[in-house]
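This is start.pdb (PDB, C-alpha atoms).
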```pdb
ATOM      1  CA  MET A 689      21.096  24.433   1.821
ATOM      2  CA  LYS A 690      17.588  24.657   3.243
ATOM      3  CA  THR A 691      16.941  24.886   6.957
ATOM      4  CA  ASN A 692      15.897  21.341   7.696
ATOM      5  CA  PHE A 693      14.798  21.512  11.266
ATOM      6  CA  LEU A 694      12.020  22.633  13.499
ATOM      7  CA  VAL A 695      10.166  25.798  13.604
ATOM      8  CA  VAL A 696       9.552  25.033  17.250
ATOM      9  CA  PHE A 697      12.348  23.664  19.453
ATOM     10  CA  PHE A 698      12.495  22.776  23.131
ATOM     11  CA  VAL A 699      14.544  25.614  24.606
ATOM     12  CA  SER A 700      16.127  23.350  27.171
ATOM     13  CA  LEU A 701      16.741  19.606  27.034
ATOM     14  CA  PHE A 702      15.691  17.852  30.213
ATOM     15  CA  SER A 703      18.071  15.352  31.762
ATOM     16  CA  PHE A 704      17.218  11.696  31.233
ATOM     17  CA  SER A 705      15.354   9.960  34.037
ATOM     18  CA  THR A 706      17.466   9.158  37.084
ATOM     19  CA  ALA A 707      15.228   6.301  38.218
ATOM     20  CA  LYS A 708      17.218   3.180  38.958
ATOM     21  CA  SER A 709      17.162   0.670  36.129
ATOM     22  CA  GLN A 710      17.351  -3.064  36.605
ATOM     23  CA  GLU A 711      19.885  -3.442  33.797
ATOM     24  CA  LYS A 712      21.894  -1.242  31.427
ATOM     25  CA  ILE A 713      23.113  -2.475  28.047
ATOM     26  CA  PRO A 714      25.649  -0.360  26.133
ATOM     27  CA  PHE A 715      25.174   0.167  22.414
ATOM     28  CA  ARG A 716      26.766   2.081  19.565
ATOM     29  CA  LEU A 717      25.474   3.594  16.328
ATOM     30  CA  ASN A 718      26.712   2.866  12.833
ATOM     31  CA  GLU A 719      26.746   5.517  10.109
ATOM     32  CA  HIS A 720      23.119   4.700   9.221
ATOM     33  CA  TYR A 721      21.816   5.283  12.784
ATOM     34  CA  ASN A 722      21.364   1.538  13.365
ATOM     35  CA  ILE A 723      21.898   0.438  16.966
ATOM     36  CA  LEU A 724      24.559  -2.276  17.408
ATOM     37  CA  VAL A 725      25.167  -4.482  20.459
ATOM     38  CA  ASP A 726      27.601  -7.294  21.239
ATOM     39  CA  GLY A 727      25.975 -10.663  21.853
ATOM     40  CA  VAL A 728      26.894 -14.255  22.648
ATOM     41  CA  ILE A 729      24.703 -17.010  21.192
ATOM     42  CA  ASN A 730      24.323 -20.286  23.099
ATOM     43  CA  LYS A 731      27.293 -19.314  25.312
ATOM     44  CA  ARG A 732      29.642 -20.061  22.398
ATOM     45  CA  ASP A 733      29.402 -17.717  19.430
ATOM     46  CA  SER A 734      30.209 -14.016  19.681
ATOM     47  CA  VAL A 735      28.307 -11.814  17.213
ATOM     48  CA  VAL A 736      27.439  -8.184  16.612
ATOM     49  CA  LEU A 737      23.670  -7.722  16.431
ATOM     50  CA  MET A 738      21.581  -4.816  15.191
ATOM     51  CA  PHE A 739      18.652  -3.940  17.437
ATOM     52  CA  GLN A 740      15.444  -4.048  15.380
ATOM     53  CA  ILE A 741      12.518  -2.535  17.281
ATOM     54  CA  ALA A 742      10.127  -3.820  14.582
ATOM     55  CA  MET A 743      10.745  -7.502  15.448
ATOM     56  CA  ARG A 744      10.511  -9.655  18.572
ATOM     57  CA  GLU A 745      12.996 -12.441  18.015
ATOM     58  CA  ALA A 746      16.444 -12.663  16.389
ATOM     59  CA  SER A 747      18.034 -13.501  13.059
ATOM     60  CA  LEU A 748      21.388 -14.137  11.389
ATOM     61  CA  ALA A 749      22.490 -12.605   8.098
ATOM     62  CA  PRO A 750      23.611 -14.738   5.132
ATOM     63  CA  ASN A 751      26.752 -12.606   4.708
ATOM     64  CA  ARG A 752      27.889 -12.854   8.337
ATOM     65  CA  LYS A 753      31.579 -13.317   9.089
ATOM     66  CA  SER A 754      31.031 -15.635  12.073
ATOM     67  CA  LYS A 755      29.930 -19.200  11.351
ATOM     68  CA  VAL A 756      27.778 -19.424  14.516
ATOM     69  CA  GLU A 757      28.007 -23.199  14.546
ATOM     70  CA  SER A 758      25.902 -23.516  17.708
ATOM     71  CA  VAL A 759      22.754 -22.565  15.750
ATOM     72  CA  VAL A 760      21.130 -25.316  13.661
ATOM     73  CA  PHE A 761      18.427 -24.216  11.238
ATOM     74  CA  ASP A 762      15.387 -26.296  10.299
ATOM     75  CA  THR A 763      13.588 -25.640   6.992
ATOM     76  CA  THR A 764      10.665 -28.020   7.645
ATOM     77  CA  ASP A 765       8.148 -25.272   8.485
ATOM     78  CA  PHE A 766       9.864 -22.221   6.969
ATOM     79  CA  SER A 767      11.967 -22.384   3.826
ATOM     80  CA  GLU A 768      14.221 -19.560   4.992
ATOM     81  CA  GLY A 769      15.266 -21.584   8.039
ATOM     82  CA  LEU A 770      14.407 -21.260  11.723
ATOM     83  CA  SER A 771      16.153 -22.361  14.913
ATOM     84  CA  LYS A 772      13.991 -22.373  18.067
ATOM     85  CA  GLY A 773      16.057 -23.581  21.022
ATOM     86  CA  ASN A 774      18.627 -20.856  21.624
ATOM     87  CA  CYS A 775      19.828 -18.371  24.200
ATOM     88  CA  ILE A 776      21.399 -14.973  23.539
ATOM     89  CA  GLN A 777      23.296 -12.929  26.097
ATOM     90  CA  VAL A 778      23.685  -9.169  25.607
ATOM     91  CA  GLY A 779      25.496  -7.466  28.470
ATOM     92  CA  ASN A 780      24.250  -9.182  31.615
ATOM     93  CA  THR A 781      20.858  -9.899  30.068
ATOM     94  CA  LEU A 782      20.159 -13.482  29.034
ATOM     95  CA  VAL A 783      17.243 -14.179  26.698
ATOM     96  CA  GLU A 784      16.040 -17.773  26.459
ATOM     97  CA  PRO A 785      14.499 -19.507  24.713
ATOM     98  CA  ILE A 786      14.618 -17.323  21.620
ATOM     99  CA  TRP A 787      13.927 -18.095  17.975
ATOM    100  CA  ILE A 788      16.619 -17.218  15.430
ATOM    101  CA  TRP A 789      15.694 -16.808  11.764
ATOM    102  CA  ASP A 790      18.146 -17.443   8.943
ATOM    103  CA  LYS A 791      19.107 -15.376   5.877
ATOM    104  CA  GLU A 792      17.823 -11.953   7.027
ATOM    105  CA  TYR A 793      20.028  -9.039   6.016
ATOM    106  CA  THR A 794      20.978  -6.526   8.679
ATOM    107  CA  GLY A 795      22.717  -3.178   9.218
ATOM    108  CA  ASN A 796      26.332  -2.336   8.398
ATOM    109  CA  GLY A 797      28.747  -3.751  10.966
ATOM    110  CA  ALA A 798      26.270  -6.366  12.230
ATOM    111  CA  GLU A 799      25.925 -10.110  11.608
ATOM    112  CA  GLY A 800      22.332 -10.454  12.699
ATOM    113  CA  LYS A 801      19.442  -8.782  14.483
ATOM    114  CA  ILE A 802      17.749  -8.953  17.860
ATOM    115  CA  GLY A 803      14.303  -7.577  18.672
ATOM    116  CA  THR A 804      12.298  -6.494  21.683
ATOM    117  CA  GLN A 805      12.426  -9.936  23.315
ATOM    118  CA  LEU A 806      15.778  -8.659  24.581
ATOM    119  CA  PHE A 807      13.828  -6.810  27.283
ATOM    120  CA  ASN A 808      11.718  -9.776  28.414
ATOM    121  CA  GLY A 809       8.438  -7.842  28.300
ATOM    122  CA  GLN A 810       9.625  -5.121  30.661
ATOM    123  CA  ILE A 811       9.661  -1.352  30.229
ATOM    124  CA  PHE A 812      12.797  -0.260  28.411
ATOM    125  CA  ALA A 813      14.507   3.001  27.544
ATOM    126  CA  ILE A 814      16.680   3.852  24.559
ATOM    127  CA  ASN A 815      19.008   6.462  26.002
ATOM    128  CA  TYR A 816      20.950   7.914  23.069
ATOM    129  CA  ASP A 817      22.623  10.514  25.280
ATOM    130  CA  GLN A 818      24.309   7.743  27.282
ATOM    131  CA  SER A 819      24.446   5.181  24.420
ATOM    132  CA  GLN A 820      22.665   2.528  26.443
ATOM    133  CA  PHE A 821      19.426   0.605  26.882
ATOM    134  CA  GLU A 822      17.881   0.701  30.327
ATOM    135  CA  ILE A 823      15.465  -1.967  31.564
ATOM    136  CA  TYR A 824      12.892  -1.152  34.262
ATOM    137  CA  THR A 825      10.438  -3.185  36.319
ATOM    138  CA  HIS A 826       8.284  -0.062  36.854
ATOM    139  CA  LEU A 827       7.753   3.106  34.838
ATOM    140  CA  PRO A 828      10.576   5.547  35.649
ATOM    141  CA  ASP A 829      10.203   9.286  36.113
ATOM    142  CA  THR A 830       8.861  10.704  32.832
ATOM    143  CA  ARG A 831       9.086  14.395  33.692
ATOM    144  CA  GLY A 832      10.562  16.231  30.697
ATOM    145  CA  PHE A 833       9.175  13.621  28.296
ATOM    146  CA  VAL A 834       6.210  13.850  25.921
ATOM    147  CA  ALA A 835       3.787  10.905  26.000
ATOM    148  CA  LEU A 836       2.718   9.306  22.714
ATOM    149  CA  PRO A 837      -0.061   6.696  22.550
ATOM    150  CA  LEU A 838       1.530   3.389  21.541
ATOM    151  CA  THR A 839      -0.193   0.421  19.950
ATOM    152  CA  HIS A 840       1.324  -2.976  19.325
ATOM    153  CA  GLU A 841       0.304  -5.654  16.866
ATOM    154  CA  GLN A 842       2.047  -9.027  17.066
ATOM    155  CA  GLY A 843       4.990  -7.383  18.833
ATOM    156  CA  ARG A 844       5.260  -4.482  16.367
ATOM    157  CA  LEU A 845       4.995  -0.970  17.814
ATOM    158  CA  PHE A 846       3.061   1.904  16.214
ATOM    159  CA  ILE A 847       2.707   5.635  16.896
ATOM    160  CA  GLU A 848       0.621   8.296  15.141
ATOM    161  CA  VAL A 849       2.308  11.122  13.202
ATOM    162  CA  SER A 850       0.729  14.045  11.328
ATOM    163  CA  SER A 851       1.826  15.294   7.908
ATOM    164  CA  LYS A 852       0.774  18.730   6.633
ATOM    165  CA  VAL A 853       0.569  19.807   2.998
ATOM    166  CA  LYS A 854      -0.716  23.381   2.759
ATOM    167  CA  GLU A 855      -3.709  23.427   5.118
ATOM    168  CA  LYS A 856      -4.447  19.701   4.960
ATOM    169  CA  GLU A 857      -3.292  17.555   7.905
ATOM    170  CA  ILE A 858      -3.069  13.767   7.454
ATOM    171  CA  LYS A 859      -2.701  11.521  10.485
ATOM    172  CA  THR A 860      -0.962   8.208   9.809
ATOM    173  CA  LYS A 861      -0.083   5.202  11.948
ATOM    174  CA  PHE A 862       3.653   4.481  11.656
ATOM    175  CA  LEU A 863       5.578   1.352  12.587
ATOM    176  CA  LEU A 864       8.723   2.087  14.617
ATOM    177  CA  GLN A 865      11.392   0.698  12.251
ATOM    178  CA  SER A 866      14.982   1.128  13.441
ATOM    179  CA  GLY A 867      16.369  -0.781  10.448
ATOM    180  CA  PHE A 868      15.137   1.846   7.961
ATOM    181  CA  SER A 869      17.610   4.750   8.026
ATOM    182  CA  GLY A 870      15.319   7.401   6.542
ATOM    183  CA  MET A 871      12.786   9.678   8.235
ATOM    184  CA  LEU A 872       9.418   8.351   7.063
ATOM    185  CA  LEU A 873       8.223   5.808   4.509
ATOM    186  CA  TYR A 874       4.523   6.082   3.673
ATOM    187  CA  ASN A 875       2.317   3.145   2.782
ATOM    188  CA  ASN A 876       0.906   2.994  -0.746
ATOM    189  CA  GLN A 877      -2.656   3.866   0.253
ATOM    190  CA  VAL A 878      -1.748   7.133   2.010
ATOM    191  CA  ALA A 879       0.695   8.217  -0.714
ATOM    192  CA  ASP A 880      -1.746   7.424  -3.539
ATOM    193  CA  GLU A 881      -4.828   8.980  -1.917
ATOM    194  CA  ASN A 882      -2.974  12.251  -1.418
ATOM    195  CA  GLN A 883      -1.175  12.095  -4.813
ATOM    196  CA  TRP A 884       2.127  12.966  -3.163
ATOM    197  CA  ALA A 885       4.164  11.674  -6.111
ATOM    198  CA  GLU A 886       2.601  14.453  -8.187
ATOM    199  CA  VAL A 887       2.172  17.350  -5.725
ATOM    200  CA  LEU A 888       5.337  17.203  -3.598
ATOM    201  CA  PRO A 889       8.802  18.316  -4.794
ATOM    202  CA  ARG A 890      10.984  15.372  -5.862
ATOM    203  CA  LEU A 891      14.414  15.165  -4.270
ATOM    204  CA  ASP A 892      15.551  11.799  -5.640
ATOM    205  CA  GLU A 893      14.265   8.703  -7.402
ATOM    206  CA  LYS A 894      15.580   5.226  -8.124
ATOM    207  CA  THR A 895      13.814   2.739 -10.396
ATOM    208  CA  LEU A 896      14.169  -1.046 -10.494
ATOM    209  CA  MET A 897      12.682  -3.324 -13.145
ATOM    210  CA  ASN A 898      11.897  -7.038 -12.962
ATOM    211  CA  SER A 899      12.216  -9.576 -15.770
ATOM    212  CA  ALA A 900       8.658  -8.824 -16.923
ATOM    213  CA  GLY A 901       9.480  -5.153 -17.417
ATOM    214  CA  GLU A 902       7.454  -4.042 -14.393
ATOM    215  CA  LYS A 903       8.863  -1.057 -12.504
ATOM    216  CA  LEU A 904       9.267  -0.135  -8.862
ATOM    217  CA  THR A 905      10.368   3.430  -8.133
ATOM    218  CA  ASN A 906      11.540   4.667  -4.744
ATOM    219  CA  LEU A 907      10.790   8.378  -4.627
ATOM    220  CA  ILE A 908      12.149  10.777  -2.023
ATOM    221  CA  VAL A 909       9.893  13.809  -1.852
ATOM    222  CA  GLU A 910       9.838  16.839   0.415
ATOM    223  CA  MET A 911       7.061  16.880   3.029
ATOM    224  CA  PRO A 912       6.439  20.502   4.080
ATOM    225  CA  THR A 913       5.655  19.751   7.747
ATOM    226  CA  VAL A 914       5.700  16.703  10.021
ATOM    227  CA  LEU A 915       4.237  16.885  13.541
ATOM    228  CA  ILE A 916       5.073  14.447  16.333
ATOM    229  CA  ASN A 917       2.885  15.727  19.148
ATOM    230  CA  SER A 918       4.389  19.189  19.866
ATOM    231  CA  PHE A 919       7.525  18.630  17.777
ATOM    232  CA  ARG A 920       7.428  20.273  14.362
ATOM    233  CA  PHE A 921       9.829  19.340  11.534
ATOM    234  CA  THR A 922       9.883  21.125   8.182
ATOM    235  CA  HIS A 923      11.135  20.333   4.651
ATOM    236  CA  VAL A 924      11.347  16.640   5.577
ATOM    237  CA  PRO A 925      12.674  14.145   2.985
ATOM    238  CA  VAL A 926      10.254  11.201   2.992
ATOM    239  CA  ASN A 927       9.972   7.999   0.942
ATOM    240  CA  ILE A 928       7.107   6.708  -1.178
ATOM    241  CA  PHE A 929       6.916   3.923  -3.771
ATOM    242  CA  THR A 930       5.384   4.147  -7.225
ATOM    243  CA  GLY A 931       5.198   1.749 -10.178
ATOM    244  CA  GLU A 932       3.481  -1.506 -11.149
ATOM    245  CA  ILE A 933       5.049  -3.686  -8.447
ATOM    246  CA  LYS A 934       4.881  -1.360  -5.449
ATOM    247  CA  ASN A 935       3.888  -3.228  -2.305
ATOM    248  CA  GLN A 936       4.210  -1.168   0.864
ATOM    249  CA  PRO A 937       1.217  -1.818   3.153
ATOM    250  CA  THR A 938       2.866  -0.316   6.261
ATOM    251  CA  SER A 939       4.215   3.167   6.981
ATOM    252  CA  TYR A 940       7.655   3.300   8.664
ATOM    253  CA  PHE A 941       8.982   5.712  11.285
ATOM    254  CA  GLY A 942      12.689   5.332  10.592
ATOM    255  CA  ALA A 943      15.984   5.552  12.450
ATOM    256  CA  ASP A 944      16.646   9.129  11.300
ATOM    257  CA  PHE A 945      13.619  10.184  13.367
ATOM    258  CA  ILE A 946      14.050   7.651  16.178
ATOM    259  CA  HIS A 947      17.654   8.614  16.967
ATOM    260  CA  ARG A 948      16.708  12.272  17.638
ATOM    261  CA  PHE A 949      14.891  11.341  20.864
ATOM    262  CA  ASN A 950      15.478   9.404  24.049
ATOM    263  CA  TRP A 951      12.660   6.870  24.424
ATOM    264  CA  ILE A 952      10.880   5.083  27.249
ATOM    265  CA  ILE A 953       8.757   2.257  25.842
ATOM    266  CA  ASP A 954       5.920   0.938  28.013
ATOM    267  CA  MET A 955       4.216  -1.655  25.835
ATOM    268  CA  GLN A 956       1.810  -2.839  28.528
ATOM    269  CA  GLY A 957       0.895   0.695  29.534
ATOM    270  CA  GLY A 958       0.344   1.702  25.920
ATOM    271  CA  TYR A 959       2.681   4.708  25.768
ATOM    272  CA  ALA A 960       6.031   5.746  24.381
ATOM    273  CA  TYR A 961       7.679   8.721  26.083
ATOM    274  CA  ILE A 962      10.076  10.861  24.055
ATOM    275  CA  GLN A 963      12.584  13.583  24.900
ATOM    276  CA  PRO A 964      14.947  15.462  22.536
ATOM    277  CA  ASN A 965      18.563  14.308  22.825
ATOM    278  CA  LYS A 966      21.978  15.435  21.596
ATOM    279  CA  TYR A 967      21.185  14.282  18.037
ATOM    280  CA  PHE A 968      17.941  16.261  17.839
ATOM    281  CA  SER A 969      19.224  18.851  15.343
ATOM    282  CA  ASP A 970      21.229  16.479  13.135
ATOM    283  CA  ALA A 971      21.094  17.138   9.392
ATOM    284  CA  TYR A 972      18.644  14.804   7.685
ATOM    285  CA  TYR A 973      20.183  11.461   6.728
ATOM    286  CA  PHE A 974      19.215  11.994   3.062
ATOM    287  CA  LEU A 975      21.243  15.218   2.955
ATOM    288  CA  LYS A 976      24.256  13.676   4.706
ATOM    289  CA  LYS A 977      24.611  10.684   2.353
TER     290      LYS A 977
END
```

Go ahead and express the file in the form of structure tokens.
Amino acid sequence: MKTNFLVVFFVSLFSFSTAKSQEKIPFRLNEHYNILVDGVINKRDSVVLMFQIAMREASLAPNRKSKVESVVFDTTDFSEGLSKGNCIQVGNTLVEPIWIWDKEYTGNGAEGKIGTQLFNGQIFAINYDQSQFEIYTHLPDTRGFVALPLTHEQGRLFIEVSSKVKEKEIKTKFLLQSGFSGMLLYNNQVADENQWAEVLPRLDEKTLMNSAGEKLTNLIVEMPTVLINSFRFTHVPVNIFTGEIKNQPTSYFGADFIHRFNWIIDMQGGYAYIQPNKYFSDAYYFLKK
């Protein structure tokens, strides 16, 4: 098996910030590195929700076990169904009002999703070492963390990551996407411009075909080097799409990468702060499957 990890590693892992948080919310990981929390909707219906950092609101899955009868969906404006007047409690945190979308699939072990509205616009930490979210009114101590510029568009959070093939370095804006279990998924433009389907070693491929005979292929290829600020990963399995019906306008920074760091997210300040955690040297998700 190849060595899948960094050429450069932090020799010592700094302890997570000891600044006092306003609220702590326990979470757990499923086998796909999705974050799961226990929630109560409208003070009546208990559900397990997957935290999705790429969304603001909440949703319920069509294959959920709980009926969640307190949520009434309206299809007047959106055919998939939307319910606007709800409250969701996770731990001691109450979010209201919050929109809940219908028929959105979610991670294993969950019946729905909840997004960043859970933190009510405040600074929040994802502390994987302690398996908990931490909510702050002010930026906590960030010593031992690396600062990454953070941009947000309509509630979606983006960071910049560099990919190196031979001597060429490509900087790409990635959406933080905790529902995608892989490392990186590149948008069509970046993958096509650099011809990665042709020049990078193929590790796996799966092809789907629609009724018109048009194909969509999900390729997993090996990226020689990925740089996140000072962190260097090598032989990284990454995803790209090829075929006639490919449609991937956004690059994803997935849960396999996210779960290797503790995070402090300051949306208003425009930075994410990262620190290696106990999962930092995990085997790549693609190799573990």

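When CA of Val926 (chain A) is paired with CA of Lys854 (chain A), their separation reads 16.4 Å.
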
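Nearest to Ala746 (chain A) of all the residues A:Asn780, A:Ser734, A:Gln805, A:Ser758 is A:Gln805, counting all atoms listed in the file.
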
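Of the residues listed (A:Glu757, A:Glu857, A:Glu881, A:Glu784), A:Glu784 shows the shortest atom-to-atom separation from Lys772 (chain A); distances use all atoms listed in the file.
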
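With distances restricted to all atoms listed in the file, A:Ile953 is the closest residue to Tyr824 (chain A) from A:Val728, A:Ile953, A:Val887, A:Ala900.
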
A:Val760, A:Leu737, A:Leu896, A:Met743 ranked by distance to Ile776 (chain A), top pick (using all atoms listed in the file)
A:Leu737

Which neighbours of Ile741 (chain A) fall inside 9 Å, counting all atoms listed in the file, when residues of the same chain fewer than 2 positions from it are skipped, and could you give them as a VMD selection string?
chain A and resid 739 743 to 744 802 to 804 844 to 845 864 to 867

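Counting all atoms listed in the file, the residue from A:Phe968, A:Asp765, A:Phe974, A:Glu745 that sits nearest to Gln842 (chain A) is A:Glu745.
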
Check what the PyMOL selection byres ((chain A and resi 821-823) around 12) selects in the file above and give those residues as a PyMOL selection string.
chain A and resi 704-716+723-725+739+778-781+804-820+824-828+950-954

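Within 10 Å of Met897 (chain A), once all atoms listed in the file are used and residues closer than 5 positions along the same chain are dropped, the contacting residues are Glu902, Lys903, Leu904, Thr905, Gly931, Glu932 and Ile933 of chain A.
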
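Every protein or nucleic acid residue with an atom no more than 10 Å from Lys852 (chain A), counting only C-alpha atoms and leaving out same-chain residues fewer than 2 positions away, appears here: Ser850, Lys854, Glu855, Lys856, Glu857, Ile858, Lys859, Met911, Pro912, Thr913, Val914, Leu915 and Thr922 of chain A.
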
Nearest residue to Val849 (chain A) from the set A:Tyr959, A:Phe868, A:Phe833, A:Phe862 (distances using all atoms listed in the file)
A:Phe862

Around all the atoms of region 827-840 of chain A listed in the file, with 8 Å of room on each side, what axis-aligned box do you get, giving centre and edge lengths in Å to one decimal, as JSON?
```
{"center_x": 5.2, "center_y": 6.6, "center_z": 27.7, "size_x": 26.8, "size_y": 35.2, "size_z": 32.8}
```

Would it be fine to have region 908-976 of chain A, with C-alpha atoms, given as an mmCIF file, in the first residue's frame?
```
data_model
loop_
_atom_site.group_PDB
_atom_site.id
_atom_site.type_symbol
_atom_site.label_atom_id
_atom_site.label_comp_id
_atom_site.auth_asym_id
_atom_site.auth_seq_id
_atom_site.Cartn_x
_atom_site.Cartn_y
_atom_site.Cartn_z
ATOM 1 C CA ILE A 908 -11.257 8.701 -8.883
ATOM 2 C CA VAL A 909 -7.748 9.719 -9.867
ATOM 3 C CA GLU A 910 -4.558 10.173 -7.882
ATOM 4 C CA MET A 911 -3.494 13.787 -7.293
ATOM 5 C CA PRO A 912 0.265 13.847 -6.600
ATOM 6 C CA THR A 913 0.183 16.702 -4.057
ATOM 7 C CA VAL A 914 -2.481 18.776 -2.306
ATOM 8 C CA LEU A 915 -1.511 21.822 -0.221
ATOM 9 C CA ILE A 916 -3.731 23.393 2.432
ATOM 10 C CA ASN A 917 -1.607 26.311 3.579
ATOM 11 C CA SER A 918 1.413 24.563 5.189
ATOM 12 C CA PHE A 919 -0.178 21.101 5.210
ATOM 13 C CA ARG A 920 1.016 18.828 2.420
ATOM 14 C CA PHE A 921 -0.833 15.639 1.399
ATOM 15 C CA THR A 922 0.466 13.243 -1.246
ATOM 16 C CA HIS A 923 -1.036 10.526 -3.488
ATOM 17 C CA VAL A 924 -4.522 11.902 -2.786
ATOM 18 C CA PRO A 925 -7.565 10.122 -4.295
ATOM 19 C CA VAL A 926 -9.765 12.847 -5.798
ATOM 20 C CA ASN A 927 -13.008 12.826 -7.803
ATOM 21 C CA ILE A 928 -13.762 14.260 -11.230
ATOM 22 C CA PHE A 929 -16.693 13.751 -13.611
ATOM 23 C CA THR A 930 -16.496 12.978 -17.311
ATOM 24 C CA GLY A 931 -19.100 12.159 -19.967
ATOM 25 C CA GLU A 932 -21.896 13.876 -21.895
ATOM 26 C CA ILE A 933 -24.068 14.750 -18.890
ATOM 27 C CA LYS A 934 -21.436 15.893 -16.400
ATOM 28 C CA ASN A 935 -22.599 18.934 -14.461
ATOM 29 C CA GLN A 936 -20.328 19.861 -11.566
ATOM 30 C CA PRO A 937 -19.910 23.658 -11.400
ATOM 31 C CA THR A 938 -18.523 23.666 -7.835
ATOM 32 C CA SER A 939 -15.443 22.034 -6.310
ATOM 33 C CA TYR A 940 -15.999 20.230 -2.976
ATOM 34 C CA PHE A 941 -13.714 19.968 0.050
ATOM 35 C CA GLY A 942 -15.114 16.781 1.552
ATOM 36 C CA ALA A 943 -15.529 15.163 4.954
ATOM 37 C CA ASP A 944 -12.405 13.009 4.554
ATOM 38 C CA PHE A 945 -10.370 16.234 4.601
ATOM 39 C CA ILE A 946 -12.575 18.160 7.037
ATOM 40 C CA HIS A 947 -12.483 15.500 9.768
ATOM 41 C CA ARG A 948 -8.652 15.593 9.966
ATOM 42 C CA PHE A 949 -8.694 19.065 11.554
ATOM 43 C CA ASN A 950 -10.322 20.908 14.416
ATOM 44 C CA TRP A 951 -11.984 24.034 13.011
ATOM 45 C CA ILE A 952 -12.904 27.493 14.248
ATOM 46 C CA ILE A 953 -15.236 29.168 11.753
ATOM 47 C CA ASP A 954 -15.514 32.963 11.876
ATOM 48 C CA MET A 955 -17.823 33.818 8.993
ATOM 49 C CA GLN A 956 -18.018 37.528 9.797
ATOM 50 C CA GLY A 957 -14.275 37.816 10.283
ATOM 51 C CA GLY A 958 -13.598 35.967 7.042
ATOM 52 C CA TYR A 959 -11.333 33.210 8.382
ATOM 53 C CA ALA A 960 -11.364 29.525 9.181
ATOM 54 C CA TYR A 961 -8.731 28.343 11.658
ATOM 55 C CA ILE A 962 -7.537 24.743 11.444
ATOM 56 C CA GLN A 963 -5.470 22.484 13.688
ATOM 57 C CA PRO A 964 -4.557 18.797 13.164
ATOM 58 C CA ASN A 965 -6.558 16.442 15.387
ATOM 59 C CA LYS A 966 -6.501 12.767 16.356
ATOM 60 C CA TYR A 967 -7.827 11.741 12.919
ATOM 61 C CA PHE A 968 -5.119 13.624 11.023
ATOM 62 C CA SER A 969 -3.263 10.512 9.815
ATOM 63 C CA ASP A 970 -6.315 8.379 9.011
ATOM 64 C CA ALA A 971 -6.094 6.229 5.883
ATOM 65 C CA TYR A 972 -7.907 7.857 2.980
ATOM 66 C CA TYR A 973 -11.623 7.052 2.895
ATOM 67 C CA PHE A 974 -11.299 5.633 -0.646
ATOM 68 C CA LEU A 975 -8.741 3.083 0.567
ATOM 69 C CA LYS A 976 -10.786 2.118 3.635
#
```
